[in-house]
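Engineer: So I've got this file, run-v6.pdb, and it contains PDB, C-alpha atoms and all ligand atoms:
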MODEL        1
ATOM      1  CA  MET A   1       7.053  22.601   4.407
ATOM      2  CA  ILE A   2       9.437  21.620   7.162
ATOM      3  CA  ASN A   3      12.941  20.823   5.967
ATOM      4  CA  ARG A   4      14.020  17.357   7.013
ATOM      5  CA  ARG A   5      17.656  18.321   7.468
ATOM      6  CA  ALA A   6      16.664  21.322   9.566
ATOM      7  CA  LEU A   7      14.720  18.946  11.760
ATOM      8  CA  LEU A   8      17.700  16.649  12.000
ATOM      9  CA  ARG A   9      19.957  19.577  12.961
ATOM     10  CA  ALA A  10      17.408  20.612  15.599
ATOM     11  CA  GLY A  11      17.634  17.046  16.788
ATOM     12  CA  VAL A  12      21.404  17.401  17.214
ATOM     13  CA  VAL A  13      20.823  20.355  19.564
ATOM     14  CA  ALA A  14      18.216  18.428  21.494
ATOM     15  CA  GLY A  15      20.561  15.455  21.571
ATOM     16  CA  GLY A  16      23.301  17.698  22.964
ATOM     17  CA  LEU A  17      21.025  18.959  25.729
ATOM     18  CA  LEU A  18      20.227  15.410  26.620
ATOM     19  CA  ALA A  19      23.890  14.333  26.624
ATOM     20  CA  GLY A  20      24.691  12.383  29.726
ATOM     21  CA  VAL A  21      21.147  11.153  30.197
ATOM     22  CA  THR A  22      21.938   8.189  28.037
ATOM     23  CA  SER A  23      25.146   8.111  26.090
ATOM     24  CA  LEU A  24      23.915   5.194  23.997
ATOM     25  CA  GLY A  25      20.796   7.087  22.901
ATOM     26  CA  THR A  26      22.758  10.233  22.069
ATOM     27  CA  ALA A  27      25.309   8.271  20.087
ATOM     28  CA  ALA A  28      22.567   6.560  18.130
ATOM     29  CA  PHE A  29      20.888   9.903  17.411
ATOM     30  CA  ALA A  30      24.148  11.528  16.346
ATOM     31  CA  HIS A  31      24.622   8.734  13.834
ATOM     32  CA  VAL A  32      21.390   9.755  12.080
ATOM     33  CA  ALA A  33      21.837  13.482  12.507
ATOM     34  CA  GLU A  34      24.924  13.858  10.368
ATOM     35  CA  PRO A  35      23.863  13.494   6.728
ATOM     36  CA  SER A  36      26.337  14.938   4.283
ATOM     37  CA  ASP A  37      25.135  18.145   2.607
ATOM     38  CA  ASP A  38      26.017  16.426  -0.676
ATOM     39  CA  THR A  39      23.357  13.771  -0.108
ATOM     40  CA  PRO A  40      20.427  14.341  -2.469
ATOM     41  CA  PRO A  41      17.180  14.927  -0.607
ATOM     42  CA  ASP A  42      15.039  11.828  -0.291
ATOM     43  CA  ARG A  43      11.980  13.339  -1.912
ATOM     44  CA  ARG A  44       8.669  11.673  -1.256
ATOM     45  CA  PRO A  45       6.324  11.440  -4.286
ATOM     46  CA  SER A  46       3.742  14.161  -3.705
ATOM     47  CA  THR A  47       1.219  13.710  -6.524
ATOM     48  CA  PRO A  48      -0.899  10.686  -7.480
ATOM     49  CA  ASP A  49       1.055  10.201 -10.720
ATOM     50  CA  GLU A  50       4.455  10.510  -9.011
ATOM     51  CA  ALA A  51       3.339   7.983  -6.413
ATOM     52  CA  TRP A  52       2.160   5.508  -9.057
ATOM     53  CA  ALA A  53       5.415   5.986 -10.987
ATOM     54  CA  ALA A  54       7.425   5.212  -7.835
ATOM     55  CA  LEU A  55       5.413   2.030  -7.262
ATOM     56  CA  ARG A  56       5.840   0.998 -10.899
ATOM     57  CA  GLU A  57       9.600   1.529 -10.696
ATOM     58  CA  GLY A  58       9.781  -0.511  -7.496
ATOM     59  CA  ASN A  59       7.734  -3.296  -9.068
ATOM     60  CA  ARG A  60       9.987  -3.267 -12.119
ATOM     61  CA  ARG A  61      12.996  -3.860  -9.851
ATOM     62  CA  TRP A  62      11.080  -6.695  -8.141
ATOM     63  CA  VAL A  63      10.257  -8.325 -11.488
ATOM     64  CA  ASP A  64      13.816  -7.917 -12.786
ATOM     65  CA  GLY A  65      15.501  -9.137  -9.595
ATOM     66  CA  THR A  66      17.239  -5.779  -9.068
ATOM     67  CA  THR A  67      15.582  -4.734  -5.798
ATOM     68  CA  THR A  68      17.392  -2.098  -3.725
ATOM     69  CA  HIS A  69      15.434  -2.621  -0.466
ATOM     70  CA  PRO A  70      15.194   1.121   0.216
ATOM     71  CA  HIS A  71      14.376   2.537   3.643
ATOM     72  CA  GLN A  72      15.058  -0.682   5.504
ATOM     73  CA  ASP A  73      17.915   0.321   7.781
ATOM     74  CA  ALA A  74      18.308   1.726  11.283
ATOM     75  CA  ALA A  75      18.754   5.280   9.967
ATOM     76  CA  ARG A  76      15.351   5.143   8.277
ATOM     77  CA  ARG A  77      13.809   3.671  11.409
ATOM     78  CA  LYS A  78      15.010   6.708  13.356
ATOM     79  CA  GLU A  79      14.053   9.127  10.581
ATOM     80  CA  VAL A  80      10.397   8.108  10.722
ATOM     81  CA  ALA A  81      10.206   7.354  14.436
ATOM     82  CA  GLN A  82       8.342  10.545  15.314
ATOM     83  CA  LYS A  83       6.418  11.192  12.115
ATOM     84  CA  GLN A  84       5.279   9.249   9.070
ATOM     85  CA  ASP A  85       4.303  10.483   5.628
ATOM     86  CA  PRO A  86       3.712   7.458   3.355
ATOM     87  CA  PHE A  87       3.151   8.194  -0.333
ATOM     88  CA  ALA A  88       0.551   5.489  -1.013
ATOM     89  CA  VAL A  89      -2.049   3.228   0.526
ATOM     90  CA  VAL A  90      -1.952  -0.334  -0.779
ATOM     91  CA  PHE A  91      -5.046  -2.417  -0.112
ATOM     92  CA  SER A  92      -4.309  -6.042  -0.909
ATOM     93  CA  CYS A  93      -5.062  -9.649   0.008
ATOM     94  CA  ILE A  94      -3.696 -11.428   3.097
ATOM     95  CA  ASP A  95      -1.929 -13.908   0.783
ATOM     96  CA  SER A  96       1.619 -14.551   2.029
ATOM     97  CA  ARG A  97       2.965 -14.207  -1.519
ATOM     98  CA  VAL A  98       1.652 -10.673  -2.053
ATOM     99  CA  ALA A  99       3.469  -8.531   0.518
ATOM    100  CA  PRO A 100       3.141  -4.930  -0.773
ATOM    101  CA  GLU A 101       6.451  -3.662   0.624
ATOM    102  CA  LEU A 102       8.236  -6.473  -1.231
ATOM    103  CA  VAL A 103       6.419  -6.374  -4.566
ATOM    104  CA  PHE A 104       6.862  -2.586  -4.790
ATOM    105  CA  ASP A 105      10.418  -2.626  -3.337
ATOM    106  CA  THR A 106       9.653  -0.060  -0.659
ATOM    107  CA  GLY A 107      10.522   0.207   3.019
ATOM    108  CA  LEU A 108       9.656   1.662   6.378
ATOM    109  CA  GLY A 109       7.361   4.686   6.298
ATOM    110  CA  ASP A 110       6.615   4.403   2.548
ATOM    111  CA  LEU A 111       3.213   2.684   2.466
ATOM    112  CA  PHE A 112       0.059   2.344   4.452
ATOM    113  CA  VAL A 113      -0.924  -1.292   3.973
ATOM    114  CA  VAL A 114      -4.440  -2.624   4.444
ATOM    115  CA  ARG A 115      -4.955  -6.334   3.899
ATOM    116  CA  THR A 116      -8.049  -8.527   4.002
ATOM    117  CA  ALA A 117      -8.867 -11.875   2.372
ATOM    118  CA  GLY A 118      -9.535 -11.192  -1.309
ATOM    119  CA  GLN A 119      -9.219  -7.451  -0.496
ATOM    120  CA  THR A 120     -12.873  -7.523   0.535
ATOM    121  CA  ILE A 121     -14.133  -4.320   2.052
ATOM    122  CA  ASP A 122     -16.420  -3.140   4.826
ATOM    123  CA  PRO A 123     -16.717   0.083   6.857
ATOM    124  CA  LEU A 124     -13.845  -0.798   9.197
ATOM    125  CA  VAL A 125     -11.543  -1.497   6.261
ATOM    126  CA  THR A 126     -12.692   1.642   4.462
ATOM    127  CA  GLY A 127     -11.831   3.653   7.558
ATOM    128  CA  ALA A 128      -8.341   2.180   7.567
ATOM    129  CA  ALA A 129      -7.904   3.119   3.896
ATOM    130  CA  GLU A 130      -9.275   6.618   4.541
ATOM    131  CA  TYR A 131      -6.738   7.476   7.222
ATOM    132  CA  GLY A 132      -3.749   8.322   5.007
ATOM    133  CA  PRO A 133      -5.513  10.425   2.358
ATOM    134  CA  ALA A 134      -7.843  12.171   4.810
ATOM    135  CA  GLU A 135      -5.393  12.898   7.617
ATOM    136  CA  LEU A 136      -1.981  13.035   5.943
ATOM    137  CA  GLY A 137      -2.762  13.853   2.310
ATOM    138  CA  THR A 138      -1.519  10.517   0.949
ATOM    139  CA  PRO A 139      -1.983  10.965  -2.827
ATOM    140  CA  LEU A 140      -2.616   7.393  -4.020
ATOM    141  CA  VAL A 141      -4.679   4.337  -3.096
ATOM    142  CA  VAL A 142      -3.923   1.082  -4.915
ATOM    143  CA  VAL A 143      -6.354  -1.825  -4.704
ATOM    144  CA  LEU A 144      -4.294  -4.900  -5.543
ATOM    145  CA  GLY A 145      -5.920  -8.170  -6.571
ATOM    146  CA  HIS A 146      -3.771 -11.163  -7.389
ATOM    147  CA  GLN A 147      -3.474 -14.330  -9.435
ATOM    148  CA  ARG A 148      -4.708 -17.609  -7.847
ATOM    149  CA  CYS A 149      -6.376 -15.843  -4.932
ATOM    150  CA  GLY A 150      -7.355 -18.591  -2.469
ATOM    151  CA  ALA A 151     -10.030 -16.460  -0.814
ATOM    152  CA  VAL A 152     -11.761 -15.701  -4.104
ATOM    153  CA  THR A 153     -11.435 -19.345  -5.212
ATOM    154  CA  ALA A 154     -12.972 -20.623  -1.952
ATOM    155  CA  ALA A 155     -15.768 -18.074  -2.193
ATOM    156  CA  ALA A 156     -16.495 -19.052  -5.801
ATOM    157  CA  GLU A 157     -16.679 -22.743  -4.877
ATOM    158  CA  SER A 158     -18.914 -22.026  -1.889
ATOM    159  CA  LEU A 159     -21.284 -19.898  -3.940
ATOM    160  CA  HIS A 160     -21.289 -22.378  -6.809
ATOM    161  CA  GLN A 161     -22.095 -25.345  -4.547
ATOM    162  CA  HIS A 162     -24.469 -23.373  -2.300
ATOM    163  CA  LYS A 163     -22.386 -24.617   0.596
ATOM    164  CA  LYS A 164     -21.758 -22.128   3.390
ATOM    165  CA  LEU A 165     -18.162 -21.700   4.524
ATOM    166  CA  PRO A 166     -17.511 -22.080   8.291
ATOM    167  CA  GLY A 167     -17.299 -19.165  10.702
ATOM    168  CA  GLU A 168     -16.805 -15.691   9.318
ATOM    169  CA  LEU A 169     -15.320 -17.125   6.129
ATOM    170  CA  SER A 170     -18.922 -17.060   4.939
ATOM    171  CA  THR A 171     -18.875 -13.272   5.324
ATOM    172  CA  ILE A 172     -15.976 -13.117   2.868
ATOM    173  CA  ALA A 173     -17.932 -15.242   0.375
ATOM    174  CA  SER A 174     -20.987 -12.989   0.768
ATOM    175  CA  SER A 175     -18.847  -9.952   0.066
ATOM    176  CA  LEU A 176     -17.693 -11.548  -3.208
ATOM    177  CA  ARG A 177     -21.143 -12.669  -4.371
ATOM    178  CA  SER A 178     -21.639  -9.756  -6.751
ATOM    179  CA  ALA A 179     -18.274 -10.331  -8.450
ATOM    180  CA  TYR A 180     -19.081 -14.056  -8.665
ATOM    181  CA  THR A 181     -22.399 -13.573 -10.424
ATOM    182  CA  ARG A 182     -20.765 -11.318 -13.044
ATOM    183  CA  SER A 183     -17.799 -13.583 -13.754
ATOM    184  CA  GLY A 184     -19.501 -16.668 -15.198
ATOM    185  CA  GLY A 185     -17.567 -19.062 -12.977
ATOM    186  CA  ASP A 186     -14.165 -17.750 -14.110
ATOM    187  CA  VAL A 187     -12.162 -17.248 -10.913
ATOM    188  CA  ASP A 188      -9.464 -15.084 -12.490
ATOM    189  CA  LYS A 189     -12.134 -12.827 -13.977
ATOM    190  CA  MET A 190     -13.836 -12.729 -10.557
ATOM    191  CA  ILE A 191     -10.571 -11.531  -8.966
ATOM    192  CA  ARG A 192     -10.356  -8.681 -11.491
ATOM    193  CA  VAL A 193     -14.059  -7.791 -11.247
ATOM    194  CA  ASN A 194     -13.847  -7.649  -7.464
ATOM    195  CA  THR A 195     -10.756  -5.430  -7.610
ATOM    196  CA  VAL A 196     -12.494  -2.978  -9.934
ATOM    197  CA  ASP A 197     -15.621  -3.096  -7.721
ATOM    198  CA  VAL A 198     -13.572  -2.106  -4.674
ATOM    199  CA  VAL A 199     -11.990   0.763  -6.615
ATOM    200  CA  SER A 200     -15.461   1.984  -7.607
ATOM    201  CA  ARG A 201     -16.635   1.871  -4.000
ATOM    202  CA  LEU A 202     -13.612   3.759  -2.748
ATOM    203  CA  LYS A 203     -13.938   6.416  -5.453
ATOM    204  CA  LYS A 204     -17.417   7.178  -4.111
ATOM    205  CA  ASP A 205     -16.188   7.388  -0.525
ATOM    206  CA  LYS A 206     -17.238  10.719   0.928
ATOM    207  CA  LEU A 207     -13.736  11.543   2.141
ATOM    208  CA  PHE A 208     -12.101  10.441  -1.112
ATOM    209  CA  ALA A 209     -14.466  11.909  -3.731
ATOM    210  CA  PRO A 210     -13.642  15.594  -3.041
ATOM    211  CA  ARG A 211      -9.905  14.878  -3.042
ATOM    212  CA  ILE A 212     -10.207  12.956  -6.316
ATOM    213  CA  ALA A 213     -12.155  15.854  -7.873
ATOM    214  CA  LYS A 214      -9.349  18.255  -6.908
ATOM    215  CA  GLY A 215      -6.665  15.982  -8.386
ATOM    216  CA  LYS A 216      -5.095  15.364  -4.991
ATOM    217  CA  LEU A 217      -5.915  11.667  -4.906
ATOM    218  CA  LYS A 218      -6.178   8.759  -7.329
ATOM    219  CA  VAL A 219      -7.626   5.341  -6.586
ATOM    220  CA  VAL A 220      -6.297   2.714  -8.987
ATOM    221  CA  GLY A 221      -6.940  -1.000  -9.326
ATOM    222  CA  ALA A 222      -4.167  -3.428 -10.229
ATOM    223  CA  TYR A 223      -3.496  -7.149 -10.602
ATOM    224  CA  TYR A 224      -0.447  -8.960  -9.275
ATOM    225  CA  SER A 225       0.938 -11.994 -11.095
ATOM    226  CA  ILE A 226       2.322 -14.518  -8.619
ATOM    227  CA  ASP A 227       4.187 -16.198 -11.477
ATOM    228  CA  THR A 228       6.070 -13.153 -12.791
ATOM    229  CA  GLY A 229       5.845 -10.661  -9.915
ATOM    230  CA  GLU A 230       4.427  -8.066 -12.259
ATOM    231  CA  VAL A 231       1.726  -5.582 -11.235
ATOM    232  CA  THR A 232      -0.600  -4.613 -14.098
ATOM    233  CA  ARG A 233      -2.987  -1.709 -13.816
ATOM    234  CA  LEU A 234      -6.651  -2.618 -14.346
ATOM    235  CA  VAL A 235      -8.341   0.728 -13.833
TER     236      VAL A 235
HETATM  237 ZN    ZN B   1      -5.779 -13.685  -2.162
ENDMDL
END
Transcribe the structure of this file into structure tokens.
Ligand SMILES: [Zn+2]
Structural biologist:
Amino acid sequence: MINRRALLRAGVVAGGLLAGVTSLGTAAFAHVAEPSDDTPPDRRPSTPDEAWAALREGNRRWVDGTTTHPHQDAARRKEVAQKQDPFAVVFSCIDSRVAPELVFDTGLGDLFVVRTAGQTIDPLVTGAAEYGPAELGTPLVVVLGHQRCGAVTAAAESLHQHKKLPGELSTIASSLRSAYTRSGGDVDKMIRVNTVDVVSRLKKDKLFAPRIAKGKLKVVGAYYSIDTGEVTRLV
């Protein structure tokens, strides 16, 4: 494991060698490269349970109105400029009211975020979700459905009325057909069924399954309340 402070100190040397090339750049680097030795290390959650706990704590702050907006300053931007190591993948809807970094009170370099309408999935989306766990060892994937999902509502209406949605919106409706048929016309139930369906698909993913079996990865499904801001685990 490479020590972050050691890297920063190495950066000071490199910055010194580069002095004179651009005084502005060196000054900016020096600002980041001088953390006090008293500063507690900013430890990234490394297990699935630690990662879920960190997301739950962030969501609690969001619900309570006590957000700290971590990792959202220039120092963090520089810290992760050359390398990222997010602790979770969040796969959510495109809905403007469900921004993962906000609802989990996280910042730059903390999350991989994949978003599609109604968090519907296909091979391209699966590939995007696979990247973190497969390449960087990201320990958690959260599939996040949400209250009053417009995509799921539109799909339910289209399927109910046998009226095809325009353009590729019809592809979204097709992707939600299975959840629709098992929800008895209840849109909120359909949102939850679809979320659990996506979790089931991802758990069978050939890159995920071996990591799940070894305890290195968890895929969880959750539901976001637009009214309260609270994330509730479904599966
Ligand atoms: Zn939605």
Engineer: Select, counting only C-alpha atoms, all protein, DNA and RNA residues no farther than 9 Å from (10.7, -8.9, -9.4) in file coordinates, and express the selection as a ChimeraX atom specification.
Structural biologist: /A:58-67,102-105,228-230
Engineer: As a quick test: using only C-alpha atoms and all ligand atoms, which residues lie no more than 6 Å away from ligand ZN 1 (chain B)? Give them as a list in words.
Structural biologist: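 Protein and nucleic-acid residues within 6 Å of ligand ZN 1 (chain B): Cys93, Asp95, Ala117, Gly118, Cys149, Gly150 and Ala151 of chain A.
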Engineer: On this structure, which residues satisfy the PyMOL selection byres (((chain A and resi 92) around 10) and not hetatm), written as a PyMOL selection string?
Structural biologist: chain A and resi 89-91+93-95+98-100+113-120+142-146+195+222-224
Engineer: Pick the closest to Ile121 in chain A from A:Thr232, A:Lys214, A:Glu50, A:Ser174: which is it, counting all atoms listed in the file?
Structural biologist: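 Using all atoms listed in the file, the shortest distance to Ile121 in chain A belongs to A:Ser174.
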Engineer: So what do you get for CA of Gln82 in chain A versus CA of Ser96 in chain A, distance-wise?
Structural biologist: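 So the two atoms, CA of Gln82 in chain A and CA of Ser96 in chain A, lie 29.2 Å apart.
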Engineer: Can you work out the spacing between CA of Asp227 in chain A and CA of Ile191 in chain A in Å, to one decimal?
Structural biologist: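 About the pair CA of Asp227 in chain A and CA of Ile191 in chain A: they are 15.7 Å apart.
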Engineer: Every residue with an atom at most 12 Å from (-2.9, 8.2, 9.9) (file coordinates; only C-alpha atoms) is what I'm after, so could you write them as a compact mmCIF listing (two decimals) with C-alpha atoms, keeping the file's coordinate frame?
Structural biologist:
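New file point08.txt:
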# COMPACT_ATOMS: atom_id res chain seq x y z
CA LYS A 83 6.42 11.19 12.12
CA GLN A 84 5.28 9.25 9.07
CA ASP A 85 4.30 10.48 5.63
CA PRO A 86 3.71 7.46 3.36
CA PHE A 87 3.15 8.19 -0.33
CA ALA A 88 0.55 5.49 -1.01
CA VAL A 89 -2.05 3.23 0.53
CA GLY A 109 7.36 4.69 6.30
CA LEU A 111 3.21 2.68 2.47
CA PHE A 112 0.06 2.34 4.45
CA VAL A 113 -0.92 -1.29 3.97
CA GLY A 127 -11.83 3.65 7.56
CA ALA A 128 -8.34 2.18 7.57
CA ALA A 129 -7.90 3.12 3.90
CA GLU A 130 -9.28 6.62 4.54
CA TYR A 131 -6.74 7.48 7.22
CA GLY A 132 -3.75 8.32 5.01
CA PRO A 133 -5.51 10.42 2.36
CA ALA A 134 -7.84 12.17 4.81
CA GLU A 135 -5.39 12.90 7.62
CA LEU A 136 -1.98 13.04 5.94
CA GLY A 137 -2.76 13.85 2.31
CA THR A 138 -1.52 10.52 0.95
Engineer: Can you work out the spacing between CA of Trp52 in chain A and CA of Val199 in chain A in Å, to one decimal?
Structural biologist: 15.1 Å
Engineer: Report as a list in words the residues that result from applying the PyMOL selection byres (((chain A and resi 202) around 10) and not hetatm) to the structure here.
Structural biologist: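 Given this file, the PyMOL selection byres (((chain A and resi 202) around 10) and not hetatm) evaluates to Ile121, Thr126, Ala129, Glu130, Val141, Val143, Val196, Asp197, Val198, Val199, Ser200, Arg201, Lys203, Lys204, Asp205, Lys206, Leu207, Phe208, Ala209, Val219 and Val220 of chain A.
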Engineer: Box time for range 219-222 of chain A: axis-aligned, enclosing all its listed atoms, 8 Å extra on each side; report centre and edge lengths in Å to one decimal, as JSON.
Structural biologist:
{"center_x": -5.9, "center_y": 1.0, "center_z": -8.4, "size_x": 19.5, "size_y": 24.8, "size_z": 19.6}
Engineer: Using all atoms listed in the file, which protein or nucleic acid residues come within 9 Å of Ala155 in chain A? Drop anything in the same chain fewer than 2 positions from it, and give the result as JSON, numbers by chain.
Structural biologist: {"A": [150, 151, 152, 153, 157, 158, 159, 160, 165, 169, 170, 172, 173, 174, 175, 176, 177, 180]}
Engineer: Please output range 80-93 of chain A, rebuilt to include N, CA and C atoms, as a tab-separated table (two decimals), keeping the file's coordinate frame.
Structural biologist:
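This went into out.tsv:
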chain	number	residue	atom	x	y	z
A	80	VAL	N	11.87	8.08	10.71
A	80	VAL	CA	10.40	8.11	10.72
A	80	VAL	C	9.81	7.79	12.10
A	81	ALA	N	10.67	7.77	13.11
A	81	ALA	CA	10.21	7.35	14.44
A	81	ALA	C	9.15	8.29	15.01
A	82	GLN	N	9.28	9.58	14.73
A	82	GLN	CA	8.34	10.54	15.31
A	82	GLN	C	7.23	10.96	14.37
A	83	LYS	N	7.40	10.69	13.09
A	83	LYS	CA	6.42	11.19	12.12
A	83	LYS	C	6.48	10.35	10.85
A	84	GLN	N	5.30	10.00	10.33
A	84	GLN	CA	5.28	9.25	9.07
A	84	GLN	C	4.55	10.05	8.00
A	85	ASP	N	4.93	9.80	6.76
A	85	ASP	CA	4.30	10.48	5.63
A	85	ASP	C	4.34	9.57	4.40
A	86	PRO	N	3.67	8.41	4.49
A	86	PRO	CA	3.71	7.46	3.36
A	86	PRO	C	3.14	8.07	2.09
A	87	PHE	N	3.62	7.60	0.92
A	87	PHE	CA	3.15	8.19	-0.33
A	87	PHE	C	2.03	7.41	-0.99
A	88	ALA	N	1.66	6.25	-0.43
A	88	ALA	CA	0.55	5.49	-1.01
A	88	ALA	C	-0.08	4.58	0.03
A	89	VAL	N	-1.35	4.27	-0.22
A	89	VAL	CA	-2.05	3.23	0.53
A	89	VAL	C	-2.15	2.04	-0.42
A	90	VAL	N	-1.74	0.87	0.03
A	90	VAL	CA	-1.95	-0.33	-0.78
A	90	VAL	C	-2.92	-1.24	-0.02
A	91	PHE	N	-4.02	-1.56	-0.69
A	91	PHE	CA	-5.05	-2.42	-0.11
A	91	PHE	C	-5.01	-3.73	-0.88
A	92	SER	N	-4.53	-4.78	-0.21
A	92	SER	CA	-4.31	-6.04	-0.91
A	92	SER	C	-4.85	-7.21	-0.11
A	93	CYS	N	-4.62	-8.41	-0.64
A	93	CYS	CA	-5.06	-9.65	0.01
A	93	CYS	C	-4.09	-10.04	1.13
